[in-house]
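**Student:** Got a structure for you, questions after.
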Amino acid sequence: MNTNEQKNARCESCKWFNPTLGEMGECRASPPVGGVKPWQRWPEVKAEDWCRVFSAKPAVR
């Protein structure tokens with residue numbers, strides 16, 4: 001992945017990213033972690049992070 005692709009593949013541009021507070025959000029590409037309910041949580045990520053599971057958000061019309 002080149003530098004431009006990495007910049008465009010940031011979590012904030014991913015369909016799995018659910019923003020929470022500020023620059024933080026939840027990654028919904030994987031199941032919640034942390035034991036049993038109600039303590040399970042989605043993995044927390046920063047908006048500028050990226051990973052290999054990236055999937056672009058659908059275009060808004």
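Chain lettering (A, B, ...) mirrors the order of the structure tokens, residue numbering begins at 1 for each chain separately, and ligand numbering begins at 1 in order of display.
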For A:Ser30, list every protein, DNA or RNA residue within 10 Å, evaluated using only C-alpha atoms, and leave out those in the same chain fewer than 4 positions away; present the list as a list in words.
**Tutor:**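 In the requested form, the answer reads Trp16, Glu26, Trp42, Pro43 and Val53 of chain A.
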**Student:** Taking the DSSP assignment computed from this structure's backbone, write out as a ChimeraX atom specification all residues of stretch 5-61 of chain A that belong to alpha helix (DSSP H).
**Tutor:** /A:5-8
**Student:** With C-alpha atoms retained, could you export that selection as a compact mmCIF listing (two decimals), in the first residue's frame?
**Tutor:**
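Listed below is the output, part.txt:
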```
# COMPACT_ATOMS: atom_id res chain seq x y z
CA GLU A 5 -3.58 4.69 -0.27
CA GLN A 6 -2.67 4.63 3.43
CA LYS A 7 -3.93 8.19 3.88
CA ASN A 8 -7.25 7.31 2.19
```
**Student:** Residues near A:Thr20, anyone? I mean within 12 Å using only C-alpha atoms, not counting same-chain ones fewer than 4 positions away, as a list in words.
**Tutor:**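 Listed by chain and then number, they are Glu12, Met24, Gly25, Glu26, Cys27, Trp42, Pro43, Glu44, Val45, Lys46 and Ala47 of chain A.
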**Student:** From the list A:Arg10, A:Lys15, A:Arg61, A:Arg52, which residue is nearest A:Arg28 when using only C-alpha atoms?
**Tutor:**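 When distances to A:Arg28 are compared using only C-alpha atoms, the smallest one comes from A:Lys15.
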**Student:** Between atom CA of A:Asp49 and atom CA of A:Gly22, measure the distance and give it in Å to one decimal.
**Tutor:**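 Value for the atom CA of A:Asp49-atom CA of A:Gly22 distance: 13.8 Å.
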**Student:** Record the distance separating atom CA of A:Ala56 and atom CA of A:Ala9, expressed in Å with one decimal.
**Tutor:** 7.4 Å
**Student:** Using atom CA of A:Lys57 and atom CA of A:Asn18 as the two end points, give the distance in Å to one decimal.
**Tutor:** 11.3 Å
**Student:** Looking only at the backbone, which of the residues in chain A does DSSP tag as strand (DSSP E or B), as a list of chain:residue names?
**Tutor:**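 DSSP on the backbone gives strand (DSSP E or B) at A:Arg10, A:Cys14, A:Phe17, A:Asn18, A:Pro19, A:Met24, A:Gly25, A:Glu26, A:Cys27, A:Val33, A:Arg41, A:Glu44, A:Val45, A:Lys46, A:Trp50, A:Ala56.
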**Student:** Would you save the residues from that selection as a PDB file, in the first residue's frame, using N, CA, C and O atoms?
**Tutor:**
```pdb
ATOM      1  N   ARG A  10      -7.639   5.439   6.123  1.00  0.00           N
ATOM      2  CA  ARG A  10      -7.691   5.683   7.564  1.00  0.00           C
ATOM      3  C   ARG A  10      -9.030   5.235   8.129  1.00  0.00           C
ATOM      4  O   ARG A  10     -10.028   5.179   7.410  1.00  0.00           O
ATOM      5  N   CYS A  14     -13.431   4.479   6.884  1.00  0.00           N
ATOM      6  CA  CYS A  14     -13.830   3.073   6.793  1.00  0.00           C
ATOM      7  C   CYS A  14     -15.284   2.879   7.209  1.00  0.00           C
ATOM      8  O   CYS A  14     -15.770   3.513   8.152  1.00  0.00           O
ATOM      9  N   PHE A  17     -15.874   1.990  10.958  1.00  0.00           N
ATOM     10  CA  PHE A  17     -15.533   2.959  12.008  1.00  0.00           C
ATOM     11  C   PHE A  17     -16.798   3.630  12.539  1.00  0.00           C
ATOM     12  O   PHE A  17     -17.590   4.180  11.791  1.00  0.00           O
ATOM     13  N   ASN A  18     -16.981   3.579  13.861  1.00  0.00           N
ATOM     14  CA  ASN A  18     -18.103   4.231  14.525  1.00  0.00           C
ATOM     15  C   ASN A  18     -17.522   5.295  15.452  1.00  0.00           C
ATOM     16  O   ASN A  18     -17.001   4.974  16.513  1.00  0.00           O
ATOM     17  N   PRO A  19     -17.592   6.597  15.063  1.00  0.00           N
ATOM     18  CA  PRO A  19     -16.999   7.643  15.897  1.00  0.00           C
ATOM     19  C   PRO A  19     -17.653   7.723  17.272  1.00  0.00           C
ATOM     20  O   PRO A  19     -18.860   7.523  17.405  1.00  0.00           O
ATOM     21  N   MET A  24     -11.499   9.585  18.571  1.00  0.00           N
ATOM     22  CA  MET A  24     -11.609   8.168  18.883  1.00  0.00           C
ATOM     23  C   MET A  24     -12.884   7.573  18.290  1.00  0.00           C
ATOM     24  O   MET A  24     -13.825   8.279  17.969  1.00  0.00           O
ATOM     25  N   GLY A  25     -12.876   6.251  18.157  1.00  0.00           N
ATOM     26  CA  GLY A  25     -14.059   5.567  17.676  1.00  0.00           C
ATOM     27  C   GLY A  25     -13.937   4.080  17.923  1.00  0.00           C
ATOM     28  O   GLY A  25     -12.956   3.595  18.484  1.00  0.00           O
ATOM     29  N   GLU A  26     -14.960   3.350  17.505  1.00  0.00           N
ATOM     30  CA  GLU A  26     -14.984   1.897  17.652  1.00  0.00           C
ATOM     31  C   GLU A  26     -14.773   1.260  16.287  1.00  0.00           C
ATOM     32  O   GLU A  26     -15.314   1.732  15.294  1.00  0.00           O
ATOM     33  N   CYS A  27     -14.012   0.173  16.263  1.00  0.00           N
ATOM     34  CA  CYS A  27     -13.839  -0.600  15.039  1.00  0.00           C
ATOM     35  C   CYS A  27     -14.842  -1.747  15.083  1.00  0.00           C
ATOM     36  O   CYS A  27     -14.748  -2.645  15.917  1.00  0.00           O
ATOM     37  N   VAL A  33     -14.859  -7.323  22.366  1.00  0.00           N
ATOM     38  CA  VAL A  33     -13.884  -8.061  23.163  1.00  0.00           C
ATOM     39  C   VAL A  33     -14.090  -7.743  24.636  1.00  0.00           C
ATOM     40  O   VAL A  33     -14.743  -6.785  24.988  1.00  0.00           O
ATOM     41  N   ARG A  41     -16.717  -4.739  24.741  1.00  0.00           N
ATOM     42  CA  ARG A  41     -16.649  -3.474  24.036  1.00  0.00           C
ATOM     43  C   ARG A  41     -16.039  -3.691  22.663  1.00  0.00           C
ATOM     44  O   ARG A  41     -15.251  -4.603  22.467  1.00  0.00           O
ATOM     45  N   GLU A  44     -11.286  -0.009  20.476  1.00  0.00           N
ATOM     46  CA  GLU A  44     -11.160   1.439  20.283  1.00  0.00           C
ATOM     47  C   GLU A  44      -9.985   1.742  19.369  1.00  0.00           C
ATOM     48  O   GLU A  44      -8.912   1.150  19.505  1.00  0.00           O
ATOM     49  N   VAL A  45     -10.200   2.652  18.436  1.00  0.00           N
ATOM     50  CA  VAL A  45      -9.161   3.059  17.484  1.00  0.00           C
ATOM     51  C   VAL A  45      -9.196   4.576  17.338  1.00  0.00           C
ATOM     52  O   VAL A  45     -10.176   5.225  17.685  1.00  0.00           O
ATOM     53  N   LYS A  46      -8.113   5.128  16.819  1.00  0.00           N
ATOM     54  CA  LYS A  46      -8.055   6.556  16.502  1.00  0.00           C
ATOM     55  C   LYS A  46      -8.497   6.741  15.058  1.00  0.00           C
ATOM     56  O   LYS A  46      -8.297   5.868  14.215  1.00  0.00           O
ATOM     57  N   TRP A  50      -5.130   2.927  10.689  1.00  0.00           N
ATOM     58  CA  TRP A  50      -5.568   2.158   9.528  1.00  0.00           C
ATOM     59  C   TRP A  50      -5.172   0.704   9.739  1.00  0.00           C
ATOM     60  O   TRP A  50      -4.321   0.387  10.560  1.00  0.00           O
ATOM     61  N   ALA A  56     -14.000   0.943   2.280  1.00  0.00           N
ATOM     62  CA  ALA A  56     -14.466   2.310   2.117  1.00  0.00           C
ATOM     63  C   ALA A  56     -15.948   2.455   2.421  1.00  0.00           C
ATOM     64  O   ALA A  56     -16.736   1.559   2.152  1.00  0.00           O
TER      65      ALA A  56
END
```
